[in-house]
$ cat model20.cif   # mmCIF, C-alpha atoms and all ligand atoms
data_upload
#
loop_
_atom_site.label_atom_id
_atom_site.label_comp_id
_atom_site.auth_asym_id
_atom_site.auth_seq_id
_atom_site.Cartn_x
_atom_site.Cartn_y
_atom_site.Cartn_z
CA MET A 1 -35.36 3.10 -42.49
CA THR A 2 -34.87 -0.55 -41.47
CA LYS A 3 -32.02 -1.19 -39.14
CA PRO A 4 -29.46 -3.88 -40.03
CA PRO A 5 -29.52 -7.02 -37.85
CA LEU A 6 -26.81 -7.47 -35.21
CA THR A 7 -26.12 -10.21 -32.70
CA LEU A 8 -24.85 -8.77 -29.48
CA TYR A 9 -23.02 -11.26 -27.29
CA LEU A 10 -22.93 -10.27 -23.63
CA ALA A 11 -20.24 -11.82 -21.47
CA ALA A 12 -21.04 -13.10 -18.01
CA PRO A 13 -19.46 -12.51 -15.62
CA ARG A 14 -18.60 -8.91 -16.53
CA GLY A 15 -18.32 -5.61 -14.67
CA PHE A 16 -18.23 -5.07 -10.92
CA CYS A 17 -16.43 -7.59 -8.71
CA ALA A 18 -16.90 -7.99 -4.96
CA GLY A 19 -13.85 -5.85 -4.13
CA VAL A 20 -15.05 -2.92 -6.25
CA ASP A 21 -18.56 -3.16 -4.86
CA ARG A 22 -17.15 -3.06 -1.33
CA ALA A 23 -14.76 -0.17 -2.05
CA ILE A 24 -17.54 2.02 -3.48
CA LYS A 25 -19.82 1.13 -0.55
CA ILE A 26 -17.03 2.15 1.85
CA VAL A 27 -16.90 5.65 0.35
CA GLU A 28 -20.70 5.99 0.35
CA MET A 29 -21.00 4.76 3.94
CA ALA A 30 -18.14 6.98 5.09
CA LEU A 31 -19.93 10.00 3.59
CA GLU A 32 -23.10 8.99 5.45
CA LYS A 33 -21.26 8.44 8.71
CA TRP A 34 -18.92 11.43 8.77
CA GLY A 35 -20.49 13.81 6.22
CA ALA A 36 -18.59 15.57 3.41
CA PRO A 37 -15.83 15.97 2.66
CA VAL A 38 -14.36 12.49 2.90
CA TYR A 39 -10.95 12.22 1.25
CA VAL A 40 -10.03 9.28 -0.99
CA ARG A 41 -6.40 8.52 -1.74
CA HIS A 42 -6.26 7.63 -5.45
CA GLU A 43 -9.33 6.82 -7.60
CA ILE A 44 -11.32 4.41 -5.40
CA VAL A 45 -11.53 2.19 -8.48
CA HIS A 46 -10.26 3.03 -11.95
CA ASN A 47 -13.45 4.45 -13.42
CA LYS A 48 -14.14 8.13 -14.08
CA TYR A 49 -17.93 7.70 -13.94
CA VAL A 50 -17.72 6.10 -10.49
CA VAL A 51 -15.25 8.72 -9.26
CA ASP A 52 -17.33 11.64 -10.63
CA GLY A 53 -20.46 10.20 -8.98
CA LEU A 54 -18.75 9.97 -5.59
CA ARG A 55 -17.22 13.44 -6.01
CA ASP A 56 -20.74 14.79 -6.53
CA LYS A 57 -21.68 13.25 -3.16
CA GLY A 58 -18.76 14.97 -1.39
CA ALA A 59 -15.72 12.72 -1.85
CA VAL A 60 -12.43 14.52 -2.56
CA PHE A 61 -9.93 12.51 -4.59
CA VAL A 62 -6.22 13.11 -4.02
CA GLU A 63 -3.10 11.17 -5.01
CA GLU A 64 -1.17 11.42 -1.75
CA LEU A 65 -1.94 11.42 1.94
CA GLU A 66 -0.09 14.73 2.29
CA ASP A 67 -2.89 16.31 0.25
CA CYS A 68 -5.40 15.42 2.99
CA PRO A 69 -6.11 17.50 6.11
CA ASP A 70 -5.59 15.82 9.51
CA ASP A 71 -9.17 16.36 10.61
CA ARG A 72 -11.13 14.64 7.82
CA PRO A 73 -11.51 10.88 7.21
CA VAL A 74 -9.47 9.35 4.40
CA ILE A 75 -10.12 6.15 2.46
CA PHE A 76 -7.44 4.10 0.72
CA SER A 77 -8.38 2.78 -2.74
CA ALA A 78 -9.22 -0.83 -3.67
CA HIS A 79 -5.76 -1.31 -5.18
CA GLY A 80 -3.96 -1.20 -1.82
CA VAL A 81 -1.31 1.10 -0.36
CA PRO A 82 2.30 0.76 0.83
CA LYS A 83 2.60 0.09 4.55
CA ALA A 84 3.96 3.61 5.10
CA VAL A 85 0.58 5.13 4.17
CA PRO A 86 -1.60 3.82 7.06
CA ALA A 87 1.42 4.29 9.34
CA GLU A 88 1.56 7.98 8.42
CA ALA A 89 -2.23 8.35 8.82
CA ALA A 90 -2.01 6.80 12.29
CA LYS A 91 0.88 9.12 13.20
CA ARG A 92 -1.23 12.11 12.16
CA GLU A 93 -4.13 10.66 14.22
CA MET A 94 -6.39 10.67 11.16
CA ILE A 95 -9.53 8.59 10.78
CA TYR A 96 -8.77 6.22 7.91
CA VAL A 97 -10.62 3.34 6.29
CA ASP A 98 -8.79 0.86 4.12
CA ALA A 99 -10.81 -0.11 1.03
CA THR A 100 -8.03 -2.40 -0.24
CA CYS A 101 -9.69 -5.47 -1.74
CA PRO A 102 -9.40 -8.39 0.71
CA LEU A 103 -7.85 -10.43 -2.11
CA VAL A 104 -5.07 -7.85 -2.42
CA SER A 105 -4.63 -7.75 1.38
CA LYS A 106 -4.20 -11.52 1.25
CA VAL A 107 -1.23 -11.04 -1.12
CA HIS A 108 0.20 -8.39 1.24
CA ILE A 109 0.03 -10.88 4.11
CA GLU A 110 1.71 -13.59 2.03
CA ALA A 111 4.55 -11.24 1.07
CA ALA A 112 5.09 -10.26 4.72
CA ARG A 113 5.07 -13.94 5.78
CA HIS A 114 7.71 -14.91 3.21
CA HIS A 115 9.82 -11.93 4.26
CA GLU A 116 9.62 -13.01 7.92
CA ASN A 117 10.85 -16.43 6.81
CA GLY A 118 13.90 -14.75 5.34
CA LEU A 119 12.94 -15.10 1.68
CA GLN A 120 13.52 -12.40 -0.91
CA MET A 121 10.35 -11.61 -2.88
CA ILE A 122 9.75 -11.38 -6.60
CA MET A 123 6.57 -9.67 -7.70
CA ILE A 124 5.03 -10.28 -11.11
CA GLY A 125 3.22 -7.06 -11.94
CA HIS A 126 3.12 -3.85 -13.94
CA GLU A 127 5.61 -1.18 -12.92
CA GLY A 128 4.03 1.91 -11.41
CA HIS A 129 0.54 0.42 -11.10
CA PRO A 130 -0.88 1.32 -7.66
CA GLU A 131 -1.46 -2.32 -6.74
CA THR A 132 2.17 -3.18 -7.53
CA VAL A 133 3.39 -0.12 -5.64
CA GLY A 134 1.18 -1.09 -2.68
CA THR A 135 2.24 -4.74 -2.57
CA MET A 136 5.95 -3.95 -3.01
CA GLY A 137 5.55 -1.30 -0.32
CA GLN A 138 4.62 -3.94 2.26
CA LEU A 139 8.30 -4.73 2.61
CA PRO A 140 11.40 -2.59 3.01
CA GLU A 141 12.91 -0.99 -0.09
CA GLY A 142 14.82 -3.50 -2.24
CA GLU A 143 13.20 -6.58 -0.68
CA VAL A 144 10.74 -7.02 -3.57
CA LEU A 145 12.07 -7.34 -7.10
CA LEU A 146 9.66 -6.62 -9.94
CA VAL A 147 9.38 -8.73 -13.08
CA GLU A 148 6.94 -7.86 -15.84
CA THR A 149 7.88 -10.36 -18.56
CA VAL A 150 9.53 -13.72 -19.22
CA GLU A 151 12.58 -11.74 -20.41
CA ASP A 152 12.80 -9.97 -17.03
CA VAL A 153 12.98 -13.36 -15.30
CA ALA A 154 16.18 -14.15 -17.23
CA THR A 155 17.96 -11.01 -16.00
CA VAL A 156 16.63 -10.40 -12.49
CA GLN A 157 19.47 -10.23 -9.94
CA VAL A 158 18.58 -12.08 -6.76
CA ARG A 159 20.41 -12.27 -3.43
CA ASP A 160 20.21 -16.05 -3.08
CA PRO A 161 18.48 -18.23 -5.70
CA GLU A 162 17.73 -20.80 -2.98
CA ARG A 163 15.74 -18.37 -0.81
CA LEU A 164 13.06 -16.80 -2.95
CA ALA A 165 9.28 -16.45 -3.07
CA PHE A 166 6.92 -14.79 -5.53
CA VAL A 167 3.58 -13.00 -5.52
CA THR A 168 1.59 -11.47 -8.38
CA GLN A 169 -0.73 -8.58 -9.14
CA THR A 170 -4.38 -9.74 -9.03
CA THR A 171 -5.40 -8.38 -12.43
CA LEU A 172 -2.82 -9.89 -14.78
CA SER A 173 -3.40 -11.91 -17.93
CA VAL A 174 -3.82 -15.50 -16.76
CA ASP A 175 -2.06 -16.91 -19.84
CA ASP A 176 0.91 -14.50 -19.81
CA THR A 177 1.37 -15.15 -16.09
CA ILE A 178 1.52 -18.94 -16.59
CA ASP A 179 4.57 -18.37 -18.80
CA ILE A 180 6.25 -15.99 -16.34
CA VAL A 181 5.67 -18.36 -13.40
CA ALA A 182 7.05 -21.24 -15.47
CA ALA A 183 10.17 -19.18 -16.24
CA LEU A 184 10.61 -18.44 -12.52
CA HIS A 185 10.34 -22.13 -11.62
CA ALA A 186 12.77 -23.03 -14.39
CA ARG A 187 15.43 -20.52 -13.31
CA PHE A 188 14.83 -20.83 -9.55
CA PRO A 189 13.64 -24.38 -8.80
CA LYS A 190 13.43 -23.65 -5.05
CA ILE A 191 11.17 -20.58 -5.40
CA VAL A 192 8.00 -20.77 -3.32
CA GLY A 193 4.69 -19.09 -4.08
CA PRO A 194 0.96 -19.53 -4.43
CA HIS A 195 -0.42 -22.73 -5.98
CA LYS A 196 -0.63 -20.97 -9.38
CA GLU A 197 -0.51 -17.16 -9.00
CA ASP A 198 -2.49 -14.48 -7.12
CA ILE A 199 -4.83 -13.51 -9.95
CA CYS A 200 -8.28 -13.07 -8.42
CA TYR A 201 -11.47 -14.95 -9.22
CA ALA A 202 -12.99 -11.89 -10.95
CA THR A 203 -10.04 -11.38 -13.30
CA THR A 204 -9.95 -15.09 -14.12
CA ASN A 205 -13.69 -15.35 -14.75
CA ARG A 206 -13.89 -12.23 -16.94
CA GLN A 207 -10.98 -13.47 -19.08
CA GLU A 208 -12.60 -16.93 -19.40
CA ALA A 209 -15.89 -15.39 -20.59
CA VAL A 210 -14.02 -13.30 -23.18
CA LYS A 211 -12.21 -16.40 -24.45
CA ALA A 212 -15.54 -18.14 -24.98
CA MET A 213 -17.12 -15.10 -26.62
CA ALA A 214 -14.33 -13.71 -28.81
CA PRO A 215 -14.28 -16.40 -31.54
CA LYS A 216 -17.99 -15.73 -32.28
CA CYS A 217 -17.59 -11.97 -32.62
CA ASP A 218 -16.69 -9.71 -35.56
CA ALA A 219 -15.79 -7.07 -32.97
CA MET A 220 -15.48 -6.86 -29.21
CA LEU A 221 -15.90 -3.87 -26.92
CA VAL A 222 -14.63 -3.80 -23.35
CA VAL A 223 -16.26 -1.14 -21.20
CA GLY A 224 -13.52 0.18 -18.95
CA ALA A 225 -10.98 2.91 -18.31
CA PRO A 226 -7.55 3.28 -19.94
CA ASN A 227 -5.88 3.11 -16.50
CA SER A 228 -7.74 -0.08 -15.53
CA SER A 229 -5.31 -3.00 -15.68
CA ASN A 230 -7.95 -5.74 -15.63
CA SER A 231 -9.98 -4.00 -18.38
CA LYS A 232 -6.92 -3.64 -20.64
CA ARG A 233 -6.15 -7.33 -20.14
CA LEU A 234 -9.66 -8.18 -21.39
CA VAL A 235 -8.97 -6.31 -24.64
CA GLU A 236 -5.74 -8.29 -25.13
CA VAL A 237 -7.44 -11.59 -24.29
CA GLY A 238 -10.16 -10.77 -26.86
CA SER A 239 -7.59 -10.17 -29.64
CA LYS A 240 -5.60 -13.27 -28.75
CA ALA A 241 -8.75 -15.41 -28.62
CA GLY A 242 -9.60 -14.57 -32.21
CA CYS A 243 -11.44 -11.26 -32.31
CA ALA A 244 -9.28 -8.98 -34.44
CA TYR A 245 -11.16 -5.78 -33.55
CA SER A 246 -11.05 -5.65 -29.76
CA GLN A 247 -11.38 -2.17 -28.23
CA LEU A 248 -11.65 -0.43 -24.89
CA VAL A 249 -14.48 2.13 -24.57
CA GLN A 250 -15.22 4.24 -21.53
CA ARG A 251 -18.75 5.17 -22.65
CA ALA A 252 -21.05 4.94 -25.70
CA PRO A 253 -19.72 8.12 -27.40
CA ASP A 254 -16.30 6.44 -27.63
CA ILE A 255 -17.60 3.77 -30.02
CA ASP A 256 -16.01 4.12 -33.45
CA TRP A 257 -19.05 3.34 -35.61
CA ARG A 258 -17.10 3.62 -38.86
CA ALA A 259 -14.74 0.86 -37.73
CA LEU A 260 -17.78 -1.34 -37.06
CA GLU A 261 -19.31 -0.92 -40.54
CA GLY A 262 -20.45 -4.22 -42.07
CA ILE A 263 -20.24 -6.29 -38.88
CA ALA A 264 -22.89 -8.85 -37.94
CA SER A 265 -21.90 -9.58 -34.34
CA VAL A 266 -20.34 -7.71 -31.43
CA GLY A 267 -19.20 -9.01 -28.06
CA ILE A 268 -19.55 -6.77 -25.03
CA THR A 269 -17.90 -7.14 -21.67
CA ALA A 270 -16.71 -4.81 -18.93
CA GLY A 271 -13.79 -4.54 -16.55
CA ALA A 272 -14.26 -5.10 -12.82
CA SER A 273 -14.47 -1.35 -12.18
CA ALA A 274 -17.09 -0.53 -14.86
CA PRO A 275 -20.66 0.00 -13.64
CA GLU A 276 -23.57 -1.79 -15.33
CA GLU A 277 -25.15 1.61 -16.26
CA LEU A 278 -22.32 2.13 -18.73
CA ILE A 279 -22.81 -1.31 -20.26
CA THR A 280 -26.52 -0.54 -20.68
CA GLU A 281 -25.58 2.78 -22.30
CA VAL A 282 -23.38 0.94 -24.82
CA ILE A 283 -26.08 -1.66 -25.55
CA ASP A 284 -28.66 1.11 -26.06
CA ALA A 285 -26.33 2.84 -28.53
CA PHE A 286 -26.30 -0.39 -30.57
CA ARG A 287 -30.10 -0.65 -30.34
CA ASP A 288 -30.37 2.87 -31.81
CA ARG A 289 -28.48 1.76 -34.92
CA TYR A 290 -29.18 -1.95 -35.28
CA ASN A 291 -31.95 -4.49 -34.90
CA VAL A 292 -30.25 -6.16 -31.94
CA THR A 293 -30.57 -9.75 -30.73
CA VAL A 294 -28.85 -10.24 -27.37
CA GLU A 295 -27.20 -13.57 -26.53
CA MET A 296 -25.50 -14.26 -23.21
CA VAL A 297 -22.16 -16.05 -23.08
CA GLU A 298 -22.02 -17.23 -19.49
CA THR A 299 -19.00 -19.20 -18.32
CA ALA A 300 -19.33 -18.81 -14.53
CA VAL A 301 -21.71 -17.63 -11.84
CA GLU A 302 -20.26 -15.45 -9.10
CA ASN A 303 -21.56 -15.10 -5.58
CA VAL A 304 -18.63 -13.52 -3.78
CA GLU A 305 -19.36 -10.73 -1.30
CA PHE A 306 -17.04 -8.86 1.04
CA LYS A 307 -18.13 -7.11 4.23
CA VAL A 308 -17.27 -3.45 4.75
CA PRO A 309 -14.92 -2.72 7.68
CA ARG A 310 -16.47 -2.82 11.13
CA VAL A 311 -16.06 0.91 11.76
CA LEU A 312 -18.73 1.52 9.08
CA ARG A 313 -21.09 -1.16 10.34
CA VAL A 314 -21.49 0.36 13.81
CA PRO A 315 -23.53 3.52 14.33
CA ALA A 316 -21.63 6.82 14.75
O1 LIG B 1 -6.39 -3.71 -8.14
C1 LIG B 1 -7.48 -4.15 -7.89
C2 LIG B 1 -7.70 -4.65 -6.57
C3 LIG B 1 -8.60 -4.15 -8.88
C4 LIG B 1 -9.59 -3.07 -8.63
C5 LIG B 1 -10.67 -3.00 -9.64
O2 LIG B 1 -10.29 -2.66 -10.91
P1 LIG B 1 -9.58 -1.30 -11.34
O3 LIG B 1 -9.88 -1.09 -12.78
O4 LIG B 1 -9.95 -0.20 -10.42
O5 LIG B 1 -8.07 -1.61 -11.09
P2 LIG B 1 -6.94 -2.35 -11.94
O6 LIG B 1 -6.20 -1.26 -12.67
O7 LIG B 1 -6.04 -2.94 -10.90
O8 LIG B 1 -7.53 -3.36 -12.81
FE1 LIG B 2 -10.44 -7.58 -5.75
FE2 LIG B 2 -10.11 -8.84 -7.97
FE3 LIG B 2 -11.90 -7.02 -7.81
S1 LIG B 2 -8.54 -8.29 -6.52
S2 LIG B 2 -11.09 -5.56 -6.38
S3 LIG B 2 -11.90 -8.93 -6.67
S4 LIG B 2 -10.59 -7.35 -9.55
#
$ encode --input "model20.cif" --output "structure tokens" --more "lines below"
Ligand code: 0CJ
Ligand code: F3S
Amino acid sequence: MTKPPLTLYLAAPRGFCAGVDRAIKIVEMALEKWGAPVYVRHEIVHNKYVVDGLRDKGAVFVEELEDCPDDRPVIFSAHGVPKAVPAEAAKREMIYVDATCPLVSKVHIEAARHHENGLQMIMIGHEGHPETVGTMGQLPEGEVLLVETVEDVATVQVRDPERLAFVTQTTLSVDDTIDIVAALHARFPKIVGPHKEDICYATTNRQEAVKAMAPKCDAMLVVGAPNSSNSKRLVEVGSKAGCAYSQLVQRAPDIDWRALEGIASVGITAGASAPEELITEVIDAFRDRYNVTVEMVETAVENVEFKVPRVLRVPA
């Protein structure tokens, strides 16, 4: 039987960012240095395949520090943790390694600096997301107000409109955030903050590639997990940029082949926490069913790398 032709557009950049790469390396190197079990507070990155692979090597994933014993090392996930978490680990004299992405730590430092200058903080982020919880948890309760939408900006109750600063989650939609920042500046002309927002290079680049790719595609698949903020944003960006069928898939078996009937082109990308193996698995599933021609849609070249913490670079 002859297979139907299909153009497969592959976004670049896609998949792992420097912070995810570093966080996974931290767990692997900790296992080498200290042996199993090494505890990890929260999924190191939001990907089941990555987490399962590390669990097989001896990592134990827990949600809270209180679920860890005192005498085993613990690693904090790439998304960051409230200040109380390392403080508690230190109090319990635990060995801990912070795998918070350096670009998230940078936001933590900014928030602390504004607070020291007496400014009340507004965070643009998603309620309950670990990065938002971690960044808000850098400052005392009530010092960081959360806004998720332009509508929230209209109703947020601040202490003093003249003494405000803002930070953002690193994985937001670039376009939605422009509107929220504009609303903040309009309501609070004195508010201080980053030049634009705190969205990281990886989030920005993956959204740009999707914008370039989406208008060419009959359908778009984003390889990523349902709890991955940056992956979900790529699905939204795909729909908004003109690809009506834009879907998140964790792995090849999730592809809804019936929904793809009659298509001639598919765009594929992946969130920052999705390993390339899973992208290859999805591409191979298309090759099984179609006569595939692959075309790259490259909008940026990345060469960012982050060092692992010193404790893992020196011999035991
Ligand atoms: O929060 C981060 C520093 C991004 C980590 C990588 O992506 P992921 O999917 O684990 O996390 P998000 O839900 O934040 O996108
Ligand atoms: Fe860091 Fe951005 Fe990746 S904040 S973990 S480089 S998605």
$ residues_around --input "model20.cif" --residues "Thr155 (chain A)" --least-positions-apart "3" --cutoff "12 Å" --atoms "all atoms listed in the file" --output "ChimeraX atom specification"
/A:145-152,158,183-184,187
$ residues_around --input "model20.cif" --residues "Tyr290 (chain A)" --least-positions-apart "6" --cutoff "7 Å" --atoms "only C-alpha atoms" --output "mmCIF file with C-alpha atoms, in the coordinates of the input"
data_model
loop_
_atom_site.group_PDB
_atom_site.id
_atom_site.type_symbol
_atom_site.label_atom_id
_atom_site.label_comp_id
_atom_site.auth_asym_id
_atom_site.auth_seq_id
_atom_site.Cartn_x
_atom_site.Cartn_y
_atom_site.Cartn_z
ATOM 1 C CA LYS A 3 -32.020 -1.190 -39.140
ATOM 2 C CA PRO A 4 -29.460 -3.880 -40.030
ATOM 3 C CA PRO A 5 -29.520 -7.020 -37.850
ATOM 4 C CA LEU A 6 -26.810 -7.470 -35.210
#
$ residues_around --input "model20.cif" --residues "Ala264 (chain A)" --least-positions-apart "2" --cutoff "9 Å" --atoms "all atoms listed in the file" --output "list in words"
Pro4, Pro5, Leu6, Thr7, Leu8, Cys217, Asp218, Ala219, Gly262 and Val266 of chain A
$ closest_residue --input "model20.cif" --among "A:Pro194, A:Gly15, A:Gly238, A:Pro37" --to "Cys68 (chain A)" --atoms "only C-alpha atoms"
A:Pro37
$ closest_residue --input "model20.cif" --among "A:Ala59, A:Ala214, A:Ile279, A:Ala23" --to "ligand LIG 1 (chain B)" --atoms "only C-alpha atoms and all ligand atoms"
A:Ala23
